[in-house]
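To start, the structure under review is shown below, and the notes come after it.
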Amino acid sequence: MVSPPPGTAAAAAAAAAAAAARAWLRVGPAPGPLMGSQGHSGPPGNRGPGEGEGGEARKVQEARVAQGKRRKGKGKGRVGSGGRGSGAEGKPVPPPAKEAAGPGAEARVGAGPGQEGEGSGRVEEGTSSVGERAKGSAGTGKEEERRVRSRRREDGRPGRAPGRGGRAWGGIAGTRAAMAAAAEAAAVEAAAVEPAVRPAAGPALWRLPEELLLLICSYLDMRALGRLAQVCRWLRRFTSCDLLWRRIARASLNTGFTRLGTDLMTSIPVKDRVKVSQNWRLGRCREGILLKWRCSQMPWMQLEDDFLYISQANFILAYQFRPDGASLNRRPLGVFAGHDEDVCHFVLANSHIISAGGDGKIAIHKTRSTFTVKYSAHQQEVNCVDCKGGIIVSGSRDRTAKVWALASGRLGQCLHTIQTEDRVWSIAISPLLSSFVTGTACCGHFSPLRIWDLNSGQLMTHLGSDFPPGAGVLDVMYESPSTLLSCGYDTYVRYWDLRTSVRKCVMEWEEPHDSTLYCLQTDGNHLLATGSSYYGVVRLWDRRQRACLHAFPLTSTPLSSPVYCLRFTTKHLYAALSYNLHVLDFQNP
């Protein structure tokens, strides 16, 4: 190749290009062959694809040189037979993608025209003079200096894929550690996508069939299962199986399992419910207010799926929960009216709302339409109502209980009228649809809890024999066909089992502050919640213990109010007071 005459600008440019090439050799990546404009290999020791290895890059180089030779004769009056290469003579070429950059770098070897520094001399039509060839070499040298600086900045960035015109990993100090970090990060990402696989090595215990492992791990407690899940990914997946947590969930508070083992919330993993259950047991929760109203009221509420129905004055409003369950959409989705006075009580049954009002009427609403029917039921206010199996029962202050049909052809027709000889505060139908129980004011010489035949309206039995006068029953509910719970003015929660005795309750829990209990709610297993009259206190009880588990006062002295109604799910508890609706969030304490 013809060298530029000394002392000229071209010579200075060539010297600068050579200096840049030497700098690249000192700090660049793993050394490669020194390729000139024709693609010949450099001095010994710089091994690369052009040094007798016959690699893919060598073939591409030779093809491009031959192409340049064919184009050489087509130019008119062009000087030079070798053509202008992609860099100055002796310019070092970065190592090929296969040796230095790993997978994904082969695309740079044959990336096509217009790419420089790819390890092969790109042949174009010859230039018109030797001076122009030297200028091109000087420009390429400056470009190489820029790439050297960019490589220094990019050193130590693991996982960087070499792109167009970039460099692969080389022999710079610290590259091995960076590549190890990149591999570790890639492994973590792969683990997040790919399912955990049972480890091939390790104790022989893990190589047992899964059915046998489930049996062995079923004897572990909650703490042991949690530690076992920290061993590896496969064990973490294995210990999340619902079968391992069912036994623990049935012994925990409010996990959605009844006493008979029926799972009422199959859509939520059992392990997650057990985690939230620990907050119920320890009393960890976050208190908030969902709704407020200006005047004092006696609200009642019901829950259905992701909707909350609550009575305010003579209306029933339907609100939808937000996804967190601890807040409501402020605008109600439905407003149900039909009473001339306040709504005292209502229930949800078969997409219907059956409400009892202070005007002595019973109203029937359809939850998905504006259909409303109301009829006069009692001479005084209707304090309570219940509906199951197409039958409605109601109790009133006029000392009667009545049975009604819900069928469209017999709507508003009274089937039975029962003289209770006392004001009826609460009522509930048995799950077997054979009887119902009434809770009265206990102003006479008979028990406030009595069971009546639903078909004939005849008295079946009395519950209890030692009620003091005035120990009215304000709330009663069936837990199963043979068990029920009651609470009221005598400050006791009583648990009755009809198979054992009708004269004495099986167990009772006393309110420690001698406060009237307005309402109760149970999870069907171990948890019991009550609402008292002083300071809006909500108490949680573990039915396996006598003492109260936790107490949450929701009001202060100036705004002291009873808890008129409470409901809870596995994550939240809702309590309706005179002026507002409170929520206790046990999922995010």
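Labels used: A, B, ... for chains in the order of the structure tokens, numbers from 1 for residues in each chain, and numbers from 1 for ligands as shown.
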Contacts of Val437 of chain A at 8 Å or less, counting only C-alpha atoms, minus same-chain residues fewer than 3 places along, as number ranges by chain? A: 427-430, 449-452
Where does DSSP see strand (DSSP E or B) in segment 483-556 of chain A, if you list the residues as an MDAnalysis selection string? chainID A and resid 483:488 492:497 507:510 517:522 527:532 537:542 548:553
Save the residues we just selected, N, CA and C atoms, as a compact mmCIF listing (two decimals), in the first residue's frame?
```
# COMPACT_ATOMS: atom_id res chain seq x y z
N THR A 483 -78.41 -26.15 66.34
CA THR A 483 -77.68 -25.22 67.22
C THR A 483 -78.04 -23.78 66.85
N LEU A 484 -78.10 -22.93 67.84
CA LEU A 484 -78.39 -21.51 67.60
C LEU A 484 -77.74 -20.66 68.68
N LEU A 485 -77.62 -19.37 68.40
CA LEU A 485 -77.00 -18.39 69.29
C LEU A 485 -77.98 -17.27 69.58
N SER A 486 -77.89 -16.69 70.77
CA SER A 486 -78.78 -15.60 71.15
C SER A 486 -78.03 -14.61 72.03
N CYS A 487 -78.50 -13.36 72.02
CA CYS A 487 -77.93 -12.32 72.89
C CYS A 487 -79.00 -11.27 73.14
N GLY A 488 -78.80 -10.43 74.17
CA GLY A 488 -79.81 -9.42 74.45
C GLY A 488 -79.51 -8.59 75.66
N TYR A 492 -75.52 -11.45 78.01
CA TYR A 492 -74.92 -12.76 77.76
C TYR A 492 -75.12 -13.16 76.30
N VAL A 493 -74.11 -13.87 75.79
CA VAL A 493 -74.25 -14.60 74.54
C VAL A 493 -74.40 -16.08 74.91
N ARG A 494 -75.46 -16.72 74.43
CA ARG A 494 -75.73 -18.10 74.79
C ARG A 494 -75.72 -18.98 73.55
N TYR A 495 -75.14 -20.16 73.73
CA TYR A 495 -75.05 -21.15 72.65
C TYR A 495 -75.91 -22.35 73.04
N TRP A 496 -76.92 -22.63 72.19
CA TRP A 496 -77.89 -23.68 72.47
C TRP A 496 -77.69 -24.85 71.51
N ASP A 497 -77.76 -26.05 72.08
CA ASP A 497 -77.72 -27.28 71.28
C ASP A 497 -78.99 -28.07 71.61
N MET A 507 -73.07 -23.32 76.33
CA MET A 507 -71.99 -22.42 76.74
C MET A 507 -72.51 -20.99 76.70
N GLU A 508 -71.92 -20.12 77.50
CA GLU A 508 -72.32 -18.71 77.51
C GLU A 508 -71.09 -17.84 77.74
N TRP A 509 -71.16 -16.61 77.20
CA TRP A 509 -70.09 -15.64 77.33
C TRP A 509 -70.71 -14.34 77.84
N GLU A 510 -70.13 -13.78 78.89
CA GLU A 510 -70.69 -12.58 79.51
C GLU A 510 -69.93 -11.35 79.06
N LEU A 517 -76.15 -6.36 74.69
CA LEU A 517 -75.61 -6.84 73.43
C LEU A 517 -76.71 -6.75 72.38
N TYR A 518 -76.49 -5.89 71.38
CA TYR A 518 -77.51 -5.64 70.36
C TYR A 518 -77.46 -6.63 69.21
N CYS A 519 -76.29 -7.13 68.88
CA CYS A 519 -76.17 -7.98 67.70
C CYS A 519 -75.00 -8.93 67.87
N LEU A 520 -75.00 -9.99 67.07
CA LEU A 520 -73.91 -10.96 67.08
C LEU A 520 -73.74 -11.51 65.67
N GLN A 521 -72.56 -12.07 65.43
CA GLN A 521 -72.24 -12.68 64.14
C GLN A 521 -71.18 -13.74 64.38
N THR A 522 -71.25 -14.84 63.66
CA THR A 522 -70.29 -15.93 63.82
C THR A 522 -69.79 -16.39 62.46
N LEU A 527 -64.93 -18.23 65.68
CA LEU A 527 -64.98 -16.79 65.92
C LEU A 527 -66.41 -16.33 66.19
N LEU A 528 -66.55 -15.44 67.16
CA LEU A 528 -67.82 -14.83 67.50
C LEU A 528 -67.59 -13.34 67.71
N ALA A 529 -68.43 -12.51 67.10
CA ALA A 529 -68.32 -11.06 67.24
C ALA A 529 -69.64 -10.51 67.77
N THR A 530 -69.55 -9.57 68.71
CA THR A 530 -70.74 -8.97 69.31
C THR A 530 -70.61 -7.45 69.31
N GLY A 531 -71.75 -6.77 69.30
CA GLY A 531 -71.78 -5.32 69.38
C GLY A 531 -72.57 -4.89 70.60
N SER A 532 -71.98 -4.04 71.44
CA SER A 532 -72.60 -3.64 72.70
C SER A 532 -73.14 -2.22 72.61
N VAL A 537 -68.77 -0.64 71.32
CA VAL A 537 -67.68 -1.60 71.47
C VAL A 537 -67.99 -2.87 70.67
N VAL A 538 -67.05 -3.25 69.80
CA VAL A 538 -67.10 -4.53 69.09
C VAL A 538 -66.13 -5.48 69.77
N ARG A 539 -66.63 -6.64 70.17
CA ARG A 539 -65.79 -7.62 70.85
C ARG A 539 -65.66 -8.87 69.99
N LEU A 540 -64.43 -9.42 69.99
CA LEU A 540 -64.15 -10.68 69.33
C LEU A 540 -63.96 -11.75 70.40
N TRP A 541 -64.59 -12.90 70.18
CA TRP A 541 -64.53 -14.00 71.13
C TRP A 541 -64.03 -15.25 70.40
N ASP A 542 -63.16 -15.98 71.09
CA ASP A 542 -62.80 -17.33 70.66
C ASP A 542 -63.69 -18.28 71.46
N CYS A 548 -63.05 -12.64 76.79
CA CYS A 548 -63.07 -11.91 75.52
C CYS A 548 -61.67 -11.88 74.92
N LEU A 549 -61.60 -12.03 73.62
CA LEU A 549 -60.31 -12.04 72.93
C LEU A 549 -59.80 -10.62 72.71
N HIS A 550 -60.61 -9.75 72.10
CA HIS A 550 -60.22 -8.36 71.83
C HIS A 550 -61.47 -7.49 71.85
N ALA A 551 -61.27 -6.21 72.18
CA ALA A 551 -62.36 -5.22 72.18
C ALA A 551 -61.91 -4.00 71.40
N PHE A 552 -62.83 -3.44 70.58
CA PHE A 552 -62.54 -2.28 69.75
C PHE A 552 -63.62 -1.22 70.00
N PRO A 553 -63.36 -0.23 70.84
CA PRO A 553 -64.33 0.87 71.02
C PRO A 553 -64.31 1.80 69.81
```
Skipping near chain neighbours, those fewer than 2 positions away, what residues fall within 6 Å of Phe321 of chain A using only C-alpha atoms, listed as a ChimeraX atom specification? /A:306-307,325,328
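Residue nearest Met265 of chain A, chosen from A:Val231, A:Ala356, A:Asp305, A:Arg330 and counting only C-alpha atoms: A:Asp305.
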Let me make sure I understand: among A:Ala229, A:Pro299, A:Thr370, A:Trp425, which one has the smallest atom-to-atom distance to Arg397 of chain A if we use only C-alpha atoms?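 Between A:Ala229, A:Pro299, A:Thr370, A:Trp425, the residue approaching Arg397 of chain A most closely is A:Trp425.
Omitting Phe586 of chain A and its sequence neighbours fewer than 3 positions away, and counting only C-alpha atoms, the residues within 12 Å are Asn254, Arg273, Val274, Lys275, Val276, Ser277, Gln278, Asn279, Trp280, Arg281, Leu282, Gly283, Arg284, Cys285, Arg286, Glu287, Gly288, Asp324, Gly325, Ala326, Phe568, Thr569, Thr570, Lys571, His572, Leu573, Tyr574, Val583 and Pro589 of chain A.
Across the model, the gap from atom CA of Arg223 of chain A to atom CA of Trp206 of chain A is 19.3 Å.
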Atom pair atom CA of Leu317 of chain A / atom CA of Ala401 of chain A: separation (Å): 26.9 Å
Residues at most 9 Å from Phe446 of chain A, counting only C-alpha atoms, excluding those fewer than 6 positions away in the same chain, as a PDB file with N, CA and C atoms, in the first residue's frame?
```pdb
ATOM      1  N   HIS A 462     -89.772 -24.487  74.681  1.00  0.00           N
ATOM      2  CA  HIS A 462     -89.147 -23.302  75.266  1.00  0.00           C
ATOM      3  C   HIS A 462     -87.652 -23.573  75.394  1.00  0.00           C
ATOM      4  N   SER A 465     -84.615 -21.722  81.250  1.00  0.00           N
ATOM      5  CA  SER A 465     -85.567 -21.646  82.349  1.00  0.00           C
ATOM      6  C   SER A 465     -85.157 -20.660  83.438  1.00  0.00           C
ATOM      7  N   PHE A 467     -84.076 -17.237  82.911  1.00  0.00           N
ATOM      8  CA  PHE A 467     -83.939 -15.864  82.448  1.00  0.00           C
ATOM      9  C   PHE A 467     -84.515 -14.908  83.490  1.00  0.00           C
TER      10      PHE A 467
END
```
Ranking A:Val382, A:Met460, A:Ile248, A:Leu474 by minimum distance to Thr516 of chain A and counting only C-alpha atoms, which one comes first?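 Once distances to Thr516 of chain A are computed over only C-alpha atoms, the minimum belongs to A:Leu474.
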